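All remarks here apply to the structure that follows.
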Number of protein chains: 2
Amino acid sequence: MNGAQALIRTLVNCGVDTCFMNPGTSEMHFVAALDDVPEMRAVLALFEGVATGAADGYARVSGRPAAVLLHLGPGLGNGLANLHNARRGHTPIVNIVGDHATYHQQYDAPLQSDIAAIASAVSGWVRSAGSSAAVAHDAAAAVHASLQRPGQVATLILPADVCWEEAPGPAEVVGGGFGPEEIDAATIDSAAALLRSGQRTGIFIGGALMRGDGLRLSQSIAQATGATLISETFPAIMDRGAGRPSVDRLAYLAEFAQMQLDGLENLIIVGAAHPVSFFAYPGKASDLVPDGCKVMHLTTENADLTATMAALADAVGADGSCSVQGSARPDRPTGDLNAQSLGAAIGALLPEGAIVADEGNTAGLFVPGSTAGCPPHEWMCLTGGSIGYGMPVATGAAVAAPDRRVLNLQADGSALYTVQSLWTQAREELDVTTVILNNSSYAVLNMELARVGAEPGPRALEMLDLTRPDIDFVSIAKGLGVPATRATTAEEFTEQLERALSEPGPNLVEAMLPATL
Amino acid sequence: MNGAQALIRTLVNCGVDTCFMNPGTSEMHFVAALDDVPEMRAVLALFEGVATGAADGYARVSGRPAAVLLHLGPGLGNGLANLHNARRGHTPIVNIVGDHATYHQQYDAPLQSDIAAIASAVSGWVRSAGSSAAVAHDAAAAVHASLQRPGQVATLILPADVCWEEAPGPAEVVGGGFGPEEIDAATIDSAAALLRSGQRTGIFIGGALMRGDGLRLSQSIAQATGATLISETFPAIMDRGAGRPSVDRLAYLAEFAQMQLDGLENLIIVGAAHPVSFFAYPGKASDLVPDGCKVMHLTTENADLTATMAALADAVGADGSCSVQGSARPDRPTGDLNAQSLGAAIGALLPEGAIVADEGNTAGLFVPGSTAGCPPHEWMCLTGGSIGYGMPVATGAAVAAPDRRVLNLQADGSALYTVQSLWTQAREELDVTTVILNNSSYAVLNMELARVGAEPGPRALEMLDLTRPDIDFVSIAKGLGVPATRATTAEEFTEQLERALSEPGPNLVEAMLPATL
């Protein structure tokens, strides 16, 4: 058994049985070892950002880390943007970066670079495997590290000779110790006192509280105490739809976010970061919490959020019940295809159990509202602001949930960063429907230009314009092996989306939208 | 005048008048300032790896740095692979990475990350602009740093408020001091003595010695002294063709490289890195210099290479003349389209003054030989081993040389990393002809699997296979606005290439090749 075989066997023993990869020469022994460990599913990506984003989507849906296999520093660089999103979404990922053989590194061969420096920007844990004797232990430690609550990217740098040298065998699983189990009773009492104080109090949630018991408990506490429940702007994954608790997300635009928080005297933060503006704007506040509002963090970052909320529910006498979203779908739209009719069509058709990877950006503005009363489904967001997340995350989600339909709402500009995802969807025959929201521009930047107070001339506006030439996503999809159609009216879009959602395998509908909402 | 305006005006004053960009919100004041400094040409890329690779190609051809504008850490990550190639090719680039406003950074907003850590892996110089008062000076310093011989990536991190706050005006150009001017006479004498010693001596050159006087002097010295002249494997750009000195490049495969160096008693290295194997292979040497061969570095890394070789030529009595490559073209091929007939067609048609961006990899094996006697042209190589360089570098080369035809020999697997380049070629109406060498596989890895001694099974081989689904580059090109045709015979390919090379603007020919040579 060589190091690569011991490594992969250990990953499987630790519950990591899927690896998204774009390997090169230094990873060839890892690749060859795939035939020795058939329990490991290997999924090829044509670009590293697809692999890292797919691992993110896989873990958001399954709750289990996937592995990623990348080729030295440049491969890691190509995967970095979606690892950044995973870092911000607290997604567990075992990120394996192949490296030159240990004895080769002294020669500074062309592909050598400082992998650890690059990895440090996105990883909670970084280790370079030093020997084939220890690499299986390193792998078990990487899985363990990735699962540290609330989840993180664990990067294992893997020199080629560590893979090809003999290894003693797989390592033991490292269990437990994923974060403190104790809940601080005094902090719970303080929060309960605030909630009972009669002051206007907000509960600001995120992470694991966006799903299942965590979401239900949060809403139950809010309703029992009259608090305002608001969630982080871009959860990694959240429960939505009819029969489930409904929570308002904090708006992306600081102006609207401040309106949501206005008048609060206390803000209890659980599982989310302090609410701040996504970007800075001249003369506007970065911190969105109103002046004079007291902020309380209910837990440390690595706490068990659901158990904490259960304790708080007990303390305030909330019984876990709460009102839920009613069932409602918009009518099938007719007439012009625009952001509103697009939203209505999706609301009319979203299947029960769908998983939505939402990178619709400005053109997707109406979709959350129009789908709120659809049958139960999950919703994934752009956690770290690094665009090009939607297609890869949709890909990984579909690998994790082969019995469900994944709907990727994909803005045109953002699609072009990781469009190679379509090929992996075709190869793996994944049930992903991609809707391209094609408004022929980086529309968000047109809005941001005004918001930052910049006065653009024609040369500036050209940098936000995606015409000259127009981008034809139907052709691109065809080139990557995914069937696609183009819709220019609401009726066409509705009909094409209905068919796409019902057919097995990947497909794409290009929605031609006006440049402005 | 705000900081962005002062910055861009300073760049232009320093000779940097082209900026390849993929901006976001934090760069909006930079973008708005483009209308105030019309001398700065802004070129939009749909993916950051296109922008960084284009800046690399631009400087390889023009000898002048371009600027790049990227969006925070994730944007830098997406651009990192081609910055790695620029680092290895010693290309001057002014790499500007937008960042959150200085006062916003304390809030750790979603897009924040350690930009300097990421940049350090590819940059010879990193600075964060601290104020609008100093940003123009920072820009002048960045240009100066980028031009430090032999050239490097200079990264300027640019907080948004530094752009939007008032600035006093542009800064002075920082000139001179790009590297030592003195040539060490004793070292020249030692090298001359070696060359006259009667021992078998090699001269191993790279960098600026691959062009013009540097190449001619190198060859003249070798021919005057009987030395063996060999160049680095992957020069950033080299002169080639009829009437020019011809130099053998060190082979990529270590086995062949060792044959080239076999028997040398001395190796004089000038402007190149010590010859080492690209990757490590079990049981094979990493250092390619034969045992017992003495290695002498003629210069420090930042020396004036051409002046040094002029001094050495004087010392050995070489008069600068040398034999040159004769004129020859292969016949137009007929029959099957394969690596040989593809090479013949390119040799039959390569226009005078063409600039070739060679990322043909295995399927391009015969092209260098078949084009050696073509009219004078330049050849660019994959300097750092990070694939996906060809299309962006071709794009930047065409921006730098609008009166010349750029030919991008592009392997299929590598094309998919930065295929968005085609859109920029279309928007800028660049005379780039892309030849996709489509052999439906990561063919180089099939070879490398055997060379590293790995024994692949079917699951491993699937990771190197680019079928299921087949990739249709004609459709992808069409989707990105570039006209394209597909060739399946030598006659078709020759005819399509001839037409493509004669038509203005970008185009693409997909050459369908067998999976094996």
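In the structure tokens, chains take the letters A, B, ... in the order shown, each chain's residues start at 1, and ligands count up from 1 in the order shown.
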
Considering only helix (DSSP H, G or I) as DSSP defines it on the backbone, what residues of segment 141-377 of chain B qualify? List them as number ranges by chain. B: 141-146, 160-164, 185-196, 207-210, 212-225, 254-261, 305-316, 339-349, 361-364, 367-371

Backbone DSSP call of strand (DSSP E or B) for segment 190-438 of chain B, listed as JSON, numbers by chain: {"B": [201, 202, 203, 204, 205, 228, 229, 230, 231, 238, 239, 240, 248, 249, 266, 267, 268, 269, 270, 276, 287, 294, 295, 296, 297, 336, 355, 356, 357, 358, 359, 377, 378, 379, 380, 406, 407, 408, 409, 410, 411, 432, 433, 434, 435, 436, 437, 438]}

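For Val295 of chain B, the residues within 9 Å (counting only C-alpha atoms, excluding itself and residues fewer than 3 positions away along the chain) are Glu265, Asn266, Leu267, Ile268, Ile269, His274 and Val289 of chain B.
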
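Nearest to Ser246 of chain A of all the residues A:Ala280, A:Pro368, A:Glu182, A:Pro290 is A:Pro368, counting only C-alpha atoms.
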
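Residues surrounding Ile346 of chain A within 10 Å are Arg329, Pro330, Arg332, Pro333, Phe366, Val367, Pro368, Ser370, Thr371, Cys374, Leu407, Leu409, Val435, Phe493, Thr494, Leu497 and Glu498 of chain A [only C-alpha atoms; sequence separation below 6 positions excluded].
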
Now that the selection is made, can you save its residues with C-alpha atoms as a CSV table (one decimal), in the first residue's frame?
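Listing of again_12.csv after writing:
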```csv
chain,number,residue,atom,x,y,z
A,329,ARG,CA,-47.8,30.0,-5.9
A,330,PRO,CA,-48.0,32.8,-8.4
A,332,ARG,CA,-48.0,31.3,-14.7
A,333,PRO,CA,-46.9,34.6,-16.2
A,366,PHE,CA,-38.2,39.0,-7.3
A,367,VAL,CA,-37.5,35.3,-7.1
A,368,PRO,CA,-37.3,34.9,-3.3
A,370,SER,CA,-42.4,34.6,-5.6
A,371,THR,CA,-41.1,31.3,-4.2
A,374,CYS,CA,-43.7,27.0,-2.8
A,407,LEU,CA,-32.2,24.8,-9.8
A,409,LEU,CA,-30.4,30.8,-10.8
A,435,VAL,CA,-31.5,29.4,-15.6
A,493,PHE,CA,-39.7,30.8,-20.4
A,494,THR,CA,-42.4,29.1,-18.4
A,497,LEU,CA,-38.5,25.8,-17.5
A,498,GLU,CA,-41.4,23.4,-17.0
```
